[in-house]
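With compact mmCIF, C-alpha atoms inside, this is entry-v3.txt:
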# COMPACT_ATOMS: atom_id res chain seq x y z
CA MET A 1 -305.66 14.19 -96.76
CA ILE A 2 -302.23 12.75 -97.55
CA LYS A 3 -300.92 14.12 -94.23
CA ALA A 4 -303.62 12.21 -92.41
CA ILE A 5 -302.88 9.05 -94.38
CA LEU A 6 -299.17 9.24 -93.66
CA LYS A 7 -299.79 9.91 -89.98
CA TYR A 8 -302.18 6.99 -89.81
CA LEU A 9 -299.70 4.63 -91.41
CA GLY A 10 -296.63 6.08 -89.76
CA ALA A 11 -294.69 8.42 -92.02
CA GLY A 12 -291.53 6.94 -93.46
CA LEU A 13 -289.53 6.32 -96.59
CA VAL A 14 -291.05 2.88 -97.22
CA VAL A 15 -294.56 4.35 -97.20
CA LEU A 16 -293.55 7.09 -99.64
CA ILE A 17 -291.97 4.54 -101.98
CA ILE A 18 -295.10 2.37 -101.92
CA ILE A 19 -297.33 5.35 -102.68
CA GLY A 20 -295.03 6.41 -105.50
CA ILE A 21 -295.10 2.92 -107.06
CA LEU A 22 -298.88 2.80 -106.86
CA ALA A 23 -299.13 6.24 -108.42
CA TYR A 24 -297.09 5.39 -111.49
CA LEU A 25 -297.99 1.72 -111.98
CA TYR A 26 -301.64 1.62 -111.06
CA ILE A 27 -303.05 5.15 -110.90
CA ASP A 28 -302.40 7.65 -113.65
CA GLU A 29 -305.71 8.94 -114.95
CA SER A 30 -306.71 12.36 -116.15
CA VAL A 31 -309.96 13.94 -114.99
CA PRO A 32 -312.61 12.55 -117.37
CA ASP A 33 -314.76 14.77 -119.53
CA GLY A 34 -318.30 14.90 -118.23
CA THR A 35 -321.63 16.02 -119.61
CA GLN A 36 -323.56 18.64 -117.70
CA GLY A 37 -327.33 18.76 -117.82
CA GLN A 38 -330.50 17.18 -116.51
CA GLU A 39 -329.10 13.65 -116.34
CA ALA A 40 -326.39 14.78 -113.93
CA GLU A 41 -328.89 16.75 -111.84
CA SER A 42 -331.26 13.79 -111.66
CA LEU A 43 -328.45 11.44 -110.60
CA ALA A 44 -327.39 13.85 -107.86
CA ASP A 45 -330.99 14.09 -106.66
CA GLU A 46 -331.33 10.29 -106.65
CA MET A 47 -328.25 9.91 -104.43
CA LEU A 48 -329.39 12.63 -102.04
CA LYS A 49 -332.82 11.06 -101.73
CA ALA A 50 -331.38 7.58 -101.09
CA LEU A 51 -329.21 8.89 -98.27
CA ASN A 52 -332.02 11.11 -96.92
CA LYS A 53 -330.43 14.54 -97.21
CA SER A 54 -333.61 16.27 -96.07
CA ARG A 55 -333.22 14.47 -92.74
CA PHE A 56 -329.47 15.13 -92.66
CA ASP A 57 -330.14 18.86 -92.99
CA THR A 58 -332.06 18.82 -89.69
CA LEU A 59 -329.23 17.29 -87.62
CA SER A 60 -327.91 19.55 -84.87
CA MET A 61 -324.89 17.49 -83.71
CA ILE A 62 -322.55 14.93 -85.30
CA ARG A 63 -319.80 13.19 -83.31
CA PHE A 64 -317.16 10.95 -84.88
CA THR A 65 -313.51 9.91 -84.77
CA TYR A 66 -311.30 9.83 -87.85
CA PRO A 67 -308.22 7.54 -88.17
CA GLY A 68 -305.20 9.01 -86.45
CA GLY A 69 -307.17 9.97 -83.35
CA HIS A 70 -308.95 13.07 -84.66
CA SER A 71 -312.18 13.40 -82.67
CA TYR A 72 -315.00 15.80 -83.45
CA GLU A 73 -318.10 17.23 -81.82
CA TRP A 74 -319.67 19.12 -84.69
CA GLU A 75 -322.48 21.44 -83.67
CA LYS A 76 -323.83 21.40 -87.20
CA GLU A 77 -326.81 23.65 -86.52
CA LYS A 78 -324.61 26.32 -84.90
CA ASN A 79 -321.77 25.77 -87.38
CA LYS A 80 -319.22 25.23 -84.62
CA VAL A 81 -316.95 22.27 -83.88
CA ARG A 82 -314.71 20.97 -81.13
CA VAL A 83 -311.61 19.22 -82.49
CA ARG A 84 -309.29 17.01 -80.43
CA TRP A 85 -306.05 15.36 -81.61
CA ASP A 86 -302.81 14.43 -79.82
CA ASN A 87 -302.76 16.82 -76.86
CA LYS A 88 -304.65 19.55 -78.74
CA ASP A 89 -308.21 20.66 -78.04
CA VAL A 90 -309.77 23.58 -79.94
CA TYR A 91 -313.28 24.93 -80.26
CA LEU A 92 -313.91 26.60 -83.61
CA ASP A 93 -316.61 28.98 -84.73
CA LEU A 94 -316.91 28.10 -88.40
CA ASN A 95 -318.92 31.25 -89.04
CA GLN A 96 -315.80 33.38 -88.70
CA SER A 97 -313.03 33.76 -91.24
CA PRO A 98 -310.28 31.11 -91.04
CA ASP A 99 -307.83 34.02 -91.19
CA GLU A 100 -308.80 34.77 -87.59
CA PHE A 101 -307.66 31.36 -86.32
CA ASN A 102 -304.29 30.94 -84.62
CA VAL A 103 -301.87 28.27 -85.86
CA THR A 104 -303.32 25.46 -83.75
CA GLU A 105 -306.90 26.44 -84.52
CA TYR A 106 -306.18 26.54 -88.24
CA GLN A 107 -304.63 23.08 -88.07
CA GLY A 108 -307.81 21.82 -86.41
CA TYR A 109 -309.84 23.62 -89.07
CA GLU A 110 -307.93 21.86 -91.87
CA TYR A 111 -308.35 18.52 -90.13
CA PHE A 112 -312.08 19.10 -89.80
CA LEU A 113 -312.58 20.06 -93.45
CA ASN A 114 -310.70 16.98 -94.63
CA ASP A 115 -311.96 14.43 -92.13
CA SER A 116 -315.63 15.46 -92.14
CA PHE A 117 -315.63 15.31 -95.94
CA TRP A 118 -315.06 11.55 -95.72
CA LEU A 119 -318.32 11.34 -93.78
CA VAL A 120 -320.60 13.89 -95.41
CA ALA A 121 -319.25 14.41 -98.95
CA PRO A 122 -322.31 12.85 -100.64
CA PHE A 123 -324.50 15.51 -99.03
CA LYS A 124 -322.36 18.31 -100.48
CA VAL A 125 -322.78 17.69 -104.21
CA ARG A 126 -325.15 20.66 -104.42
CA ASP A 127 -323.02 23.10 -102.44
CA GLU A 128 -322.44 26.53 -103.92
CA GLY A 129 -319.74 26.50 -106.59
CA VAL A 130 -320.07 22.76 -107.39
CA MET A 131 -320.18 21.65 -111.02
CA ARG A 132 -321.93 18.33 -111.76
CA SER A 133 -321.72 16.16 -114.86
CA THR A 134 -322.24 12.56 -115.87
CA VAL A 135 -319.42 10.22 -116.89
CA LYS A 136 -319.66 6.69 -118.29
CA VAL A 137 -318.15 4.10 -115.92
CA ASP A 138 -317.94 0.31 -116.09
CA ASP A 139 -319.34 -0.59 -112.68
CA GLY A 140 -322.22 1.79 -112.07
CA ARG A 141 -323.22 5.33 -112.97
CA GLY A 142 -320.71 8.15 -112.82
CA LEU A 143 -321.33 11.58 -111.32
CA LEU A 144 -318.35 13.92 -111.60
CA VAL A 145 -318.34 16.84 -109.15
CA THR A 146 -315.82 19.66 -109.16
CA TYR A 147 -315.55 22.13 -106.30
CA THR A 148 -314.68 25.46 -107.85
CA THR A 149 -314.80 27.31 -104.52
CA GLY A 150 -314.67 26.57 -100.79
CA GLY A 151 -312.54 24.43 -98.51
CA VAL A 152 -308.76 24.63 -98.49
CA THR A 153 -308.22 23.08 -101.94
CA PRO A 154 -310.75 24.51 -104.42
CA GLY A 155 -310.61 22.92 -107.87
CA ASP A 156 -310.69 19.33 -106.60
CA SER A 157 -312.73 16.79 -108.59
CA TYR A 158 -314.40 13.59 -107.45
CA LEU A 159 -316.02 10.96 -109.64
CA TRP A 160 -318.79 9.23 -107.72
CA ILE A 161 -319.64 5.68 -108.82
CA ILE A 162 -323.27 5.21 -107.91
CA GLY A 163 -325.17 1.92 -107.73
CA GLU A 164 -328.68 1.26 -108.96
CA ASP A 165 -329.93 1.79 -105.39
CA GLY A 166 -328.65 5.38 -105.45
CA PHE A 167 -325.88 4.68 -102.93
CA PRO A 168 -322.27 5.61 -103.76
CA LYS A 169 -320.06 2.55 -104.11
CA ALA A 170 -316.77 4.39 -104.54
CA TRP A 171 -315.19 7.56 -105.84
CA LYS A 172 -312.07 8.52 -107.75
CA LEU A 173 -310.03 11.53 -106.65
CA TRP A 174 -308.26 14.32 -108.45
CA THR A 175 -307.13 16.60 -105.64
CA SER A 176 -304.22 18.96 -105.14
CA ASN A 177 -303.16 17.43 -101.82
CA VAL A 178 -303.25 13.75 -102.91
CA PRO A 179 -300.56 12.89 -105.49
CA LEU A 180 -302.49 9.90 -106.86
CA ASP A 181 -304.59 11.04 -109.82
CA GLY A 182 -307.65 8.84 -110.21
CA LEU A 183 -307.16 7.00 -106.91
CA LYS A 184 -310.26 4.85 -106.36
CA ILE A 185 -311.55 4.55 -102.81
CA GLY A 186 -314.61 2.62 -101.71
CA TRP A 187 -317.62 3.91 -99.86
CA GLY A 188 -318.91 1.08 -97.71
CA GLY A 189 -319.80 0.24 -94.13
CA TRP A 190 -323.13 1.98 -94.58
CA VAL A 191 -325.11 2.58 -91.38
CA GLU A 192 -328.47 4.21 -90.90
CA ILE A 193 -328.64 6.54 -87.89
CA GLU A 194 -331.79 8.51 -87.14
CA GLY A 195 -332.98 7.94 -90.69
CA VAL A 196 -329.77 9.17 -92.35
CA TRP A 197 -327.30 6.91 -94.15
CA PHE A 198 -323.55 7.33 -93.54
CA SER A 199 -320.55 5.48 -94.97
CA THR A 200 -318.00 4.58 -92.29
CA PHE A 201 -315.49 2.45 -94.22
CA HIS A 202 -313.32 3.50 -97.18
CA PRO A 203 -311.03 0.78 -98.58
CA SER A 204 -308.36 1.45 -101.22
CA LYS A 205 -305.05 0.15 -102.55
CA VAL A 206 -303.21 2.63 -100.33
CA VAL A 207 -304.98 2.43 -96.96
CA ASP A 208 -308.34 1.54 -95.48
CA LEU A 209 -309.99 4.41 -93.61
CA GLU A 210 -312.59 3.66 -90.96
CA ILE A 211 -314.66 6.27 -89.14
CA THR A 212 -315.67 5.24 -85.63
CA GLY A 213 -317.75 6.53 -82.75
CA LEU A 214 -320.41 8.00 -85.04
CA GLU A 215 -323.34 9.59 -83.21
CA VAL A 216 -325.92 12.13 -84.31
CA SER A 217 -328.66 14.10 -82.59
CA TYR A 218 -331.37 16.59 -83.42
As structure tokens, the full file:
Amino acid sequence: MIKAILKYLGAGLVVLIIIGILAYLYIDESVPDGTQGQEAESLADEMLKALNKSRFDTLSMIRFTYPGGHSYEWEKEKNKVRVRWDNKDVYLDLNQSPDEFNVTEYQGYEYFLNDSFWLVAPFKVRDEGVMRSTVKVDDGRGLLVTYTTGGVTPGDSYLWIIGEDGFPKAWKLWTSNVPLDGLKIGWGGWVEIEGVWFSTFHPSKVVDLEITGLEVSY
């Protein structure tokens, strides 16, 4: 994700200095200890119901554009995706091993895993290999999820801050490719499309990320 952030902002020494200052002055948290059990499972279920995961599971196509000009046509039902960025255009069969991708295809694959996560992460809290636990937070209810397998950076943890309506308000990150432990990023700009709720705006102290061109079909 940090590569995408730097590209979006324009990579440079000033940006790196700003991120470093934020990391040491404002963001320096360890992953909190959570409590596994029925409370965590119920909170996960409440969020999934609020966002209408059962309806999300029936989508066949999702189109969107991520900051930096990464555009996607995700054939969700077929598990295939077309990725466009700069002058690149690749069509990926996500059913095959990433080891079979060439260099450009693998770059598109990494972009897709990162960028799509900012759109559909709430729907993935029950993926295989995910650990869920509750954490006390000041401004909502905390659901800590840790991805022990999958993706390109297994072991990442995310603390969802969930409102009384079941919608995520923000999350905090502990990921291997973002050097800002405990970075808090908002989940806002909620839109309902075909009965499913998506967050399209993610503000933070580092950069605001906005997903555009969102379309879905069945």
TODO: Tell me which of A:Arg84, A:Thr146, A:Asp208, A:Asp156 sits closest to Ser133 of chain A, counting only C-alpha atoms.
DONE: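 When distances to Ser133 of chain A are compared using only C-alpha atoms, the smallest one comes from A:Thr146.
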- [ ] Rounded to one decimal place, report the atom CA of Ser42 of chain A-atom CA of Ser217 of chain A distance in Å.
- [x] 29.2 Å
Task: Shortest interatomic distance to Leu143 of chain A - which of A:Ser199, A:Thr212, A:Ser157, A:Ser176, counting only C-alpha atoms - done: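 The closest residue to Leu143 of chain A is A:Ser157.
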TODO: Give the answer as one residue: which of A:Val130, A:Val191, A:Val135, A:Val216 has the shortest atom-to-atom distance to Ala40 of chain A, using only C-alpha atoms?
DONE: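 Looking at the shortest contact to Ala40 of chain A, the residue is A:Val135.
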Open item on the list: Between atom CA of Gln36 of chain A and atom CA of Asp127 of chain A, what distance in Å does the model show, to one decimal?
Closed with: 15.9 Å
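For the residues A:Pro32, A:Glu39, A:Thr200, A:Gly163, ranking by smallest atom-to-atom distance to Phe117 of chain A using only C-alpha atoms places A:Thr200 first.
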TODO: Show which residues sit within 9 Å of Glu41 of chain A, as a count of residues only. Count all atoms listed in the file, and ignore same-chain residues fewer than 3 positions away.
DONE: 9
Task: Separation of atom CA of Leu119 of chain A from atom CA of Leu209 of chain A in Å - done: 10.8 Å
Open item on the list: With distances taken over all atoms listed in the file, which residue among A:Thr35, A:Ser54, A:Leu59, A:His70 lies nearest Leu144 of chain A?
Closed with: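 Residue with the minimum atom-to-atom distance to Leu144 of chain A: A:Thr35.
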TODO: Find, counting only C-alpha atoms, the residue in A:Glu29, A:Asp86, A:Asp165, A:Glu73 that gets nearest to Lys49 of chain A.
DONE: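 Smallest separation from Lys49 of chain A among the options: A:Asp165.
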Task: Exercise: Phe112 of chain A partners within 9 Å, all atoms listed in the file, chain neighbours under 2 positions left out, as a ChimeraX atom specification - done: /A:70,72,81,83,107-110,114-117
Task: Near-Thr175 of chain A list (9 Å; all atoms listed in the file; drop same-chain fewer than 2 positions) as a PyMOL selection string - done: chain A and resi 153-158+173+177-181
Restricting the output to C-alpha atoms, write the selected residues as a CSV table (one decimal), keeping the file's coordinate frame.
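Saved the output as selection_24.csv:
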chain,number,residue,atom,x,y,z
A,153,THR,CA,-308.2,23.1,-101.9
A,154,PRO,CA,-310.8,24.5,-104.4
A,155,GLY,CA,-310.6,22.9,-107.9
A,156,ASP,CA,-310.7,19.3,-106.6
A,157,SER,CA,-312.7,16.8,-108.6
A,158,TYR,CA,-314.4,13.6,-107.4
A,173,LEU,CA,-310.0,11.5,-106.6
A,177,ASN,CA,-303.2,17.4,-101.8
A,178,VAL,CA,-303.2,13.8,-102.9
A,179,PRO,CA,-300.6,12.9,-105.5
A,180,LEU,CA,-302.5,9.9,-106.9
A,181,ASP,CA,-304.6,11.0,-109.8
Take every atom of segment 129-147 of chain A listed in the file, pad by 4 Å on each side, and give me the axis-aligned box centre and edge lengths in Å, one decimal, as AutoDock Vina command-line options.
--center_x -319.4 --center_y 13.0 --center_z -112.3 --size_x 15.7 --size_y 35.1 --size_z 20.0
Task: Within 7 Å of file point (-315.7, 22.8, -82.2), counting all atoms listed in the file, expressed as a PyMOL selection string - done: chain A and resi 73-74+80-83+90-93
Open item on the list: I'd like the neighbourhood of Asp57 of chain A as a ChimeraX atom specification, where a residue qualifies if any of its atoms comes within 9 Å (using all atoms listed in the file), though same-chain residues fewer than 2 positions away should be ignored.
Closed with: /A:52-55,59-60,76-77,123
Missing atoms of segment 192-216 of chain A rebuilt to N, CA and C atoms, written as a CSV table (one decimal), in the coordinates of the input:
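Written output follows (result20.csv):
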chain,number,residue,atom,x,y,z
A,192,GLU,N,-327.4,3.3,-91.0
A,192,GLU,CA,-328.5,4.2,-90.9
A,192,GLU,C,-328.6,4.7,-89.5
A,193,ILE,N,-328.5,6.0,-89.2
A,193,ILE,CA,-328.6,6.5,-87.9
A,193,ILE,C,-329.7,7.7,-88.0
A,194,GLU,N,-330.7,7.5,-87.2
A,194,GLU,CA,-331.8,8.5,-87.1
A,194,GLU,C,-332.3,8.8,-88.5
A,195,GLY,N,-332.4,7.8,-89.4
A,195,GLY,CA,-333.0,7.9,-90.7
A,195,GLY,C,-332.0,8.4,-91.8
A,196,VAL,N,-330.8,8.7,-91.4
A,196,VAL,CA,-329.8,9.2,-92.4
A,196,VAL,C,-328.7,8.1,-92.6
A,197,TRP,N,-328.3,7.9,-93.8
A,197,TRP,CA,-327.3,6.9,-94.2
A,197,TRP,C,-325.9,7.5,-94.2
A,198,PHE,N,-324.9,6.9,-93.5
A,198,PHE,CA,-323.6,7.3,-93.5
A,198,PHE,C,-322.6,6.2,-93.9
A,199,SER,N,-321.6,6.5,-94.7
A,199,SER,CA,-320.6,5.5,-95.0
A,199,SER,C,-319.4,5.6,-94.0
A,200,THR,N,-319.0,4.5,-93.3
A,200,THR,CA,-318.0,4.6,-92.3
A,200,THR,C,-316.7,3.8,-92.7
A,201,PHE,N,-316.7,3.2,-93.9
A,201,PHE,CA,-315.5,2.4,-94.2
A,201,PHE,C,-315.1,2.8,-95.7
A,202,HIS,N,-313.8,3.1,-95.9
A,202,HIS,CA,-313.3,3.5,-97.2
A,202,HIS,C,-312.1,2.7,-97.5
A,203,PRO,N,-312.2,1.6,-98.2
A,203,PRO,CA,-311.0,0.8,-98.6
A,203,PRO,C,-310.4,1.3,-99.9
A,204,SER,N,-309.1,1.1,-100.0
A,204,SER,CA,-308.4,1.4,-101.2
A,204,SER,C,-307.1,0.6,-101.3
A,205,LYS,N,-306.3,0.8,-102.4
A,205,LYS,CA,-305.0,0.2,-102.6
A,205,LYS,C,-304.0,0.7,-101.6
A,206,VAL,N,-304.2,2.0,-101.2
A,206,VAL,CA,-303.2,2.6,-100.3
A,206,VAL,C,-303.4,2.4,-98.9
A,207,VAL,N,-304.7,2.6,-98.4
A,207,VAL,CA,-305.0,2.4,-97.0
A,207,VAL,C,-306.5,2.3,-96.8
A,208,ASP,N,-306.9,1.6,-95.8
A,208,ASP,CA,-308.3,1.5,-95.5
A,208,ASP,C,-308.6,2.5,-94.4
A,209,LEU,N,-309.6,3.4,-94.6
A,209,LEU,CA,-310.0,4.4,-93.6
A,209,LEU,C,-311.3,4.0,-93.0
A,210,GLU,N,-311.4,4.0,-91.7
A,210,GLU,CA,-312.6,3.7,-91.0
A,210,GLU,C,-312.9,4.8,-90.0
A,211,ILE,N,-314.1,5.3,-90.1
A,211,ILE,CA,-314.7,6.3,-89.1
A,211,ILE,C,-315.4,5.5,-88.0
A,212,THR,N,-315.1,5.9,-86.8
A,212,THR,CA,-315.7,5.2,-85.6
A,212,THR,C,-316.4,6.2,-84.7
A,213,GLY,N,-317.1,5.7,-83.8
A,213,GLY,CA,-317.8,6.5,-82.8
A,213,GLY,C,-318.8,7.5,-83.3
A,214,LEU,N,-319.5,7.1,-84.4
A,214,LEU,CA,-320.4,8.0,-85.0
A,214,LEU,C,-321.7,8.1,-84.2
A,215,GLU,N,-322.1,9.3,-83.9
A,215,GLU,CA,-323.3,9.6,-83.2
A,215,GLU,C,-323.9,10.9,-83.8
A,216,VAL,N,-325.3,10.9,-83.9
A,216,VAL,CA,-325.9,12.1,-84.3
A,216,VAL,C,-327.1,12.4,-83.4
